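Scroll down for the structure; my scribbles are underneath it.
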Amino acid sequence: MSKVLVLNSSVSGEASVSRTLVADTVAAIRSNDPRAQIIQRDLAASPLPHLLPETVAGVRAEPTTDAEHAARALSDELVAELKDADTLVIGAPMYNFGMPSQLKAWFDYVLRAGIAFKYSEAGPEGLLKGKRAVVIETRGGLYSEGPAAAMDSQEPHLRTLLGFMGITDVTFVLAEKLAFGDDAKAASLAAAREELQRFAA
């Protein structure tokens, strides 16, 4: 039985393309593994509080105040979900060339030294190896190639964050050119769905 952690981060509600593709992926996983345990975390509907001066020590140091202990408890909860999962499904629309701040906040809580990574004489080492992930990236424009590729701060950042934790078996599925007209959008979505079906299988 697989354990799947699903992260949605789009603030667009029912109009969200990434949410639709995430739902399709979860349905395909359930179809292939009816016993799969699915944990859903909606980072837009229930946003995580961004780290603040009064809470950051709860994640990056030893908590002493009530606010820091609350931040540590939330971090522990998120880390437990992540460690328990063998598969991650991440919906990551492009906002201003990067990921939504809601998704970045999740990484801020789970990327803890000694938990998700450690430093050694050989450099940093990810501690959450053995997991696989699919990152569903939705974009209005074309950033995988061409003159706008240099503006893509979304995929490189996500690849770095996941890799830093030791999650290197990552499939990036792009649905881009969504603002290039109906035909371009339909073709992009069809290609993305085909790739997601392969991942789920």
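All residue names refer to the structure tokens as shown: chains lettered A, B, ... in order, residues numbered from 1 in each chain, ligands numbered from 1 in order.
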Can I get the residues of stretch 40-65 of chain A within 7 Å of stretch 9-20 of chain A, each with the closest pair of atoms and their distance in Å to one decimal, using only C-alpha atoms, sorted chain first then ascending number, as a Markdown table?
```
| residue | atom | partner | partner_atom | distance |
| --- | --- | --- | --- | --- |
| A:Asp42 | CA | A:Ser9 | CA | 6.4 |
| A:Leu43 | CA | A:Ser9 | CA | 5.0 |
| A:Ala44 | CA | A:Ser9 | CA | 5.2 |
```
Residues as selected, C-alpha atoms, written as an mmCIF file, in the first residue's frame, can you do that?
```
data_model
loop_
_atom_site.group_PDB
_atom_site.id
_atom_site.type_symbol
_atom_site.label_atom_id
_atom_site.label_comp_id
_atom_site.auth_asym_id
_atom_site.auth_seq_id
_atom_site.Cartn_x
_atom_site.Cartn_y
_atom_site.Cartn_z
ATOM 1 C CA ASP A 42 -4.402 22.375 0.704
ATOM 2 C CA LEU A 43 -1.862 25.114 1.255
ATOM 3 C CA ALA A 44 -4.139 27.774 -0.221
#
```
For this session: Considering only C-alpha atoms, return as a list in words whatever protein or nucleic-acid residues lie within 10 Å of A:Glu68, sequence-local ones (same chain, fewer than 2 positions apart) excluded.
Result: Leu51, Leu52, Pro53, Glu54, Thr55, Val56, Ala57, Gly58, Val59, Arg60, Ala61, Glu62, Pro63, Thr64, Thr65, Asp66, Ala70, Ala71, Arg72, Ala73 and Leu74 of chain A
All heavy atoms of the current selection, written as a short mmCIF file (atom, residue, chain, number, x, y, z; two decimals), in the first residue's frame:
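Okay, this is what ended up in selection21.cif:
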```cif
data_model
loop_
_atom_site.label_atom_id
_atom_site.label_comp_id
_atom_site.auth_asym_id
_atom_site.auth_seq_id
_atom_site.Cartn_x
_atom_site.Cartn_y
_atom_site.Cartn_z
N LEU A 51 7.06 32.20 8.32
CA LEU A 51 7.94 32.35 9.47
C LEU A 51 8.19 33.83 9.75
O LEU A 51 8.39 34.64 8.85
CB LEU A 51 9.27 31.64 9.21
CG LEU A 51 9.20 30.12 9.11
CD1 LEU A 51 10.58 29.55 8.82
CD2 LEU A 51 8.62 29.51 10.38
N LEU A 52 8.16 34.16 11.03
CA LEU A 52 8.32 35.54 11.49
C LEU A 52 9.43 35.59 12.54
O LEU A 52 9.85 34.55 13.05
CB LEU A 52 7.00 36.04 12.09
CG LEU A 52 5.79 36.07 11.16
CD1 LEU A 52 4.53 36.36 11.95
CD2 LEU A 52 5.99 37.09 10.05
N PRO A 53 9.89 36.78 12.88
CA PRO A 53 10.94 36.87 13.90
C PRO A 53 10.57 36.15 15.20
O PRO A 53 11.44 35.57 15.85
CB PRO A 53 11.09 38.38 14.12
CG PRO A 53 10.70 38.99 12.81
CD PRO A 53 9.61 38.11 12.28
N GLU A 54 9.28 36.16 15.55
CA GLU A 54 8.87 35.54 16.81
C GLU A 54 8.62 34.04 16.69
O GLU A 54 8.37 33.37 17.70
CB GLU A 54 7.62 36.22 17.37
CG GLU A 54 6.42 36.20 16.45
CD GLU A 54 6.32 37.46 15.59
OE1 GLU A 54 7.36 38.07 15.30
OE2 GLU A 54 5.18 37.81 15.21
N THR A 55 8.71 33.47 15.47
CA THR A 55 8.45 32.03 15.31
C THR A 55 9.62 31.27 14.69
O THR A 55 9.66 30.04 14.80
CB THR A 55 7.21 31.79 14.44
OG1 THR A 55 7.41 32.37 13.14
CG2 THR A 55 5.97 32.38 15.08
N VAL A 56 10.55 31.94 14.04
CA VAL A 56 11.56 31.25 13.24
C VAL A 56 12.43 30.31 14.07
O VAL A 56 12.85 29.25 13.59
CB VAL A 56 12.42 32.27 12.46
CG1 VAL A 56 13.27 33.12 13.41
CG2 VAL A 56 13.30 31.55 11.44
N ALA A 57 12.69 30.66 15.33
CA ALA A 57 13.52 29.78 16.16
C ALA A 57 12.84 28.44 16.43
O ALA A 57 13.52 27.46 16.74
CB ALA A 57 13.85 30.47 17.49
N GLY A 58 11.54 28.38 16.27
CA GLY A 58 10.84 27.12 16.44
C GLY A 58 11.19 26.11 15.38
O GLY A 58 11.06 24.90 15.59
N VAL A 59 11.67 26.59 14.23
CA VAL A 59 12.05 25.71 13.12
C VAL A 59 13.56 25.59 13.00
O VAL A 59 14.09 24.52 12.71
CB VAL A 59 11.43 26.22 11.80
CG1 VAL A 59 11.88 25.38 10.61
CG2 VAL A 59 9.91 26.23 11.89
N ARG A 60 14.26 26.69 13.23
CA ARG A 60 15.70 26.72 12.95
C ARG A 60 16.58 26.65 14.19
O ARG A 60 17.80 26.63 14.08
CB ARG A 60 16.04 27.98 12.15
CG ARG A 60 15.35 28.02 10.80
CD ARG A 60 15.79 29.20 9.98
NE ARG A 60 15.16 29.21 8.67
CZ ARG A 60 15.34 30.17 7.77
NH1 ARG A 60 16.12 31.20 8.06
NH2 ARG A 60 14.75 30.11 6.60
N ALA A 61 16.00 26.65 15.36
CA ALA A 61 16.78 26.59 16.60
C ALA A 61 15.97 25.84 17.64
O ALA A 61 15.11 25.02 17.29
CB ALA A 61 17.12 28.01 17.06
N GLU A 62 16.21 26.11 18.90
CA GLU A 62 15.45 25.46 19.96
C GLU A 62 14.37 26.42 20.46
O GLU A 62 14.66 27.54 20.86
CB GLU A 62 16.38 25.09 21.12
CG GLU A 62 17.27 23.90 20.81
CD GLU A 62 16.48 22.66 20.46
OE1 GLU A 62 15.44 22.40 21.12
OE2 GLU A 62 16.88 21.96 19.51
N PRO A 63 13.11 25.99 20.40
CA PRO A 63 12.02 26.88 20.82
C PRO A 63 12.04 27.14 22.32
O PRO A 63 12.33 26.24 23.11
CB PRO A 63 10.76 26.11 20.39
CG PRO A 63 11.18 24.67 20.37
CD PRO A 63 12.62 24.67 19.96
N THR A 64 11.70 28.36 22.68
CA THR A 64 11.60 28.72 24.10
C THR A 64 10.27 29.40 24.42
O THR A 64 9.73 29.21 25.51
CB THR A 64 12.76 29.64 24.52
OG1 THR A 64 12.77 30.81 23.68
CG2 THR A 64 14.10 28.93 24.39
N THR A 65 9.74 30.19 23.49
CA THR A 65 8.50 30.91 23.74
C THR A 65 7.30 30.08 23.25
O THR A 65 7.45 29.09 22.52
CB THR A 65 8.51 32.25 23.00
OG1 THR A 65 8.45 32.01 21.58
CG2 THR A 65 9.75 33.06 23.33
N ASP A 66 6.11 30.52 23.62
CA ASP A 66 4.90 29.83 23.17
C ASP A 66 4.79 29.85 21.65
O ASP A 66 4.41 28.85 21.03
CB ASP A 66 3.66 30.49 23.79
CG ASP A 66 3.52 30.20 25.28
OD1 ASP A 66 4.22 29.28 25.77
OD2 ASP A 66 2.71 30.89 25.95
N ALA A 70 4.76 26.62 19.16
CA ALA A 70 3.67 26.39 18.22
C ALA A 70 4.22 26.15 16.81
O ALA A 70 3.73 25.27 16.08
CB ALA A 70 2.70 27.57 18.23
N ALA A 71 5.23 26.92 16.43
CA ALA A 71 5.85 26.73 15.13
C ALA A 71 6.53 25.37 15.04
O ALA A 71 6.47 24.69 14.00
CB ALA A 71 6.86 27.85 14.86
N ARG A 72 7.18 24.94 16.13
CA ARG A 72 7.82 23.62 16.14
C ARG A 72 6.79 22.51 16.03
O ARG A 72 6.99 21.52 15.31
CB ARG A 72 8.65 23.45 17.42
CG ARG A 72 9.24 22.06 17.62
CD ARG A 72 10.17 21.63 16.49
NE ARG A 72 11.32 22.49 16.38
CZ ARG A 72 12.47 22.30 17.03
NH1 ARG A 72 12.60 21.26 17.84
NH2 ARG A 72 13.47 23.13 16.86
N ALA A 73 5.66 22.66 16.71
CA ALA A 73 4.61 21.64 16.63
C ALA A 73 4.07 21.52 15.22
O ALA A 73 3.83 20.42 14.72
CB ALA A 73 3.49 21.97 17.62
N LEU A 74 3.88 22.66 14.55
CA LEU A 74 3.40 22.63 13.17
C LEU A 74 4.44 22.00 12.27
O LEU A 74 4.12 21.17 11.41
CB LEU A 74 3.07 24.05 12.71
CG LEU A 74 2.65 24.22 11.25
CD1 LEU A 74 1.44 23.34 10.91
CD2 LEU A 74 2.36 25.68 10.94
#
```
Problem set entry | Residue contacts of A:Phe117 (9 Å, only C-alpha atoms) excluding same-chain residues fewer than 6 positions away, as a list of chain:residue names | A:Leu111, A:Pro124, A:Glu125, A:Gly126, A:Leu127, A:Leu128, A:Phe164, A:Met165, A:Gly166
Go ahead and save the picked residues with C-alpha atoms, as a short mmCIF file (atom, residue, chain, number, x, y, z; two decimals), in the first residue's frame.
```
data_model
loop_
_atom_site.label_atom_id
_atom_site.label_comp_id
_atom_site.auth_asym_id
_atom_site.auth_seq_id
_atom_site.Cartn_x
_atom_site.Cartn_y
_atom_site.Cartn_z
CA LEU A 111 13.56 21.78 5.54
CA PRO A 124 25.03 18.71 2.62
CA GLU A 125 23.25 15.36 2.48
CA GLY A 126 19.50 14.84 2.07
CA LEU A 127 17.94 12.55 4.66
CA LEU A 128 14.61 11.79 2.99
CA PHE A 164 18.43 19.06 -0.88
CA MET A 165 16.14 16.78 1.14
CA GLY A 166 17.30 13.74 -0.80
#
```
Exercise. What are the DSSP strand (DSSP E) residues of stretch 12-62 of chain A, as a PyMOL selection string?
Worked result: chain A and resi 37-42
Seminar exercise, completed: Of A:Pro34, A:Pro49, A:Pro147, A:Gly163, the one nearest to A:Ala116 when counting only C-alpha atoms is A:Gly163
Problem set entry | Filtered DSSP result for stretch 8-158 of chain A, state helix (DSSP H, G or I), as a PyMOL selection string | chain A and resi 13-15+17-32+57-60+66-84+101-110+147-151+155-158
Exercise. So how many Å separate atom CA of A:Val110 and atom CA of A:Leu48, to one decimal?
Worked result: 11.7 Å
For this session: Give me, please, the distance in Å between atom CA of A:Arg30 and atom CA of A:Ala200, quoted to one decimal.
Result: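 That distance, rounded to one decimal, is 8.7 Å.
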Write out as a JSON list (two decimals) with N, CA, C and O atoms, in the first residue's frame the residues lying within 8 Å of A:Phe97, counting only C-alpha atoms and excluding same-chain residues fewer than 2 positions away.
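So the final result, stored in around.json, reads:
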```json
[["chain", "number", "residue", "atom", "x", "y", "z"],
["A", 94, "MET", "N", 2.79, 28.55, -11.66],
["A", 94, "MET", "CA", 3.81, 29.60, -11.70],
["A", 94, "MET", "C", 3.18, 30.95, -11.37],
["A", 94, "MET", "O", 2.24, 31.38, -12.03],
["A", 95, "TYR", "N", 3.70, 31.58, -10.33],
["A", 95, "TYR", "CA", 3.29, 32.93, -9.95],
["A", 95, "TYR", "C", 4.51, 33.84, -10.03],
["A", 95, "TYR", "O", 5.49, 33.62, -9.29],
["A", 99, "MET", "N", 7.29, 29.74, -7.61],
["A", 99, "MET", "CA", 6.23, 28.98, -6.98],
["A", 99, "MET", "C", 5.37, 29.90, -6.11],
["A", 99, "MET", "O", 5.84, 30.98, -5.70],
["A", 151, "MET", "N", 13.78, 33.13, -17.47],
["A", 151, "MET", "CA", 12.93, 33.70, -16.43],
["A", 151, "MET", "C", 12.36, 32.65, -15.49],
["A", 151, "MET", "O", 11.72, 32.99, -14.49],
["A", 152, "ASP", "N", 12.57, 31.39, -15.80],
["A", 152, "ASP", "CA", 11.97, 30.31, -15.01],
["A", 152, "ASP", "C", 12.70, 30.16, -13.68],
["A", 152, "ASP", "O", 13.77, 29.56, -13.60],
["A", 153, "SER", "N", 12.11, 30.68, -12.62],
["A", 153, "SER", "CA", 12.63, 30.49, -11.27],
["A", 153, "SER", "C", 11.79, 29.47, -10.51],
["A", 153, "SER", "O", 11.97, 29.29, -9.29],
["A", 154, "GLN", "N", 10.87, 28.82, -11.20],
["A", 154, "GLN", "CA", 9.96, 27.86, -10.59],
["A", 154, "GLN", "C", 10.59, 26.47, -10.51],
["A", 154, "GLN", "O", 10.85, 25.97, -9.41]]
```
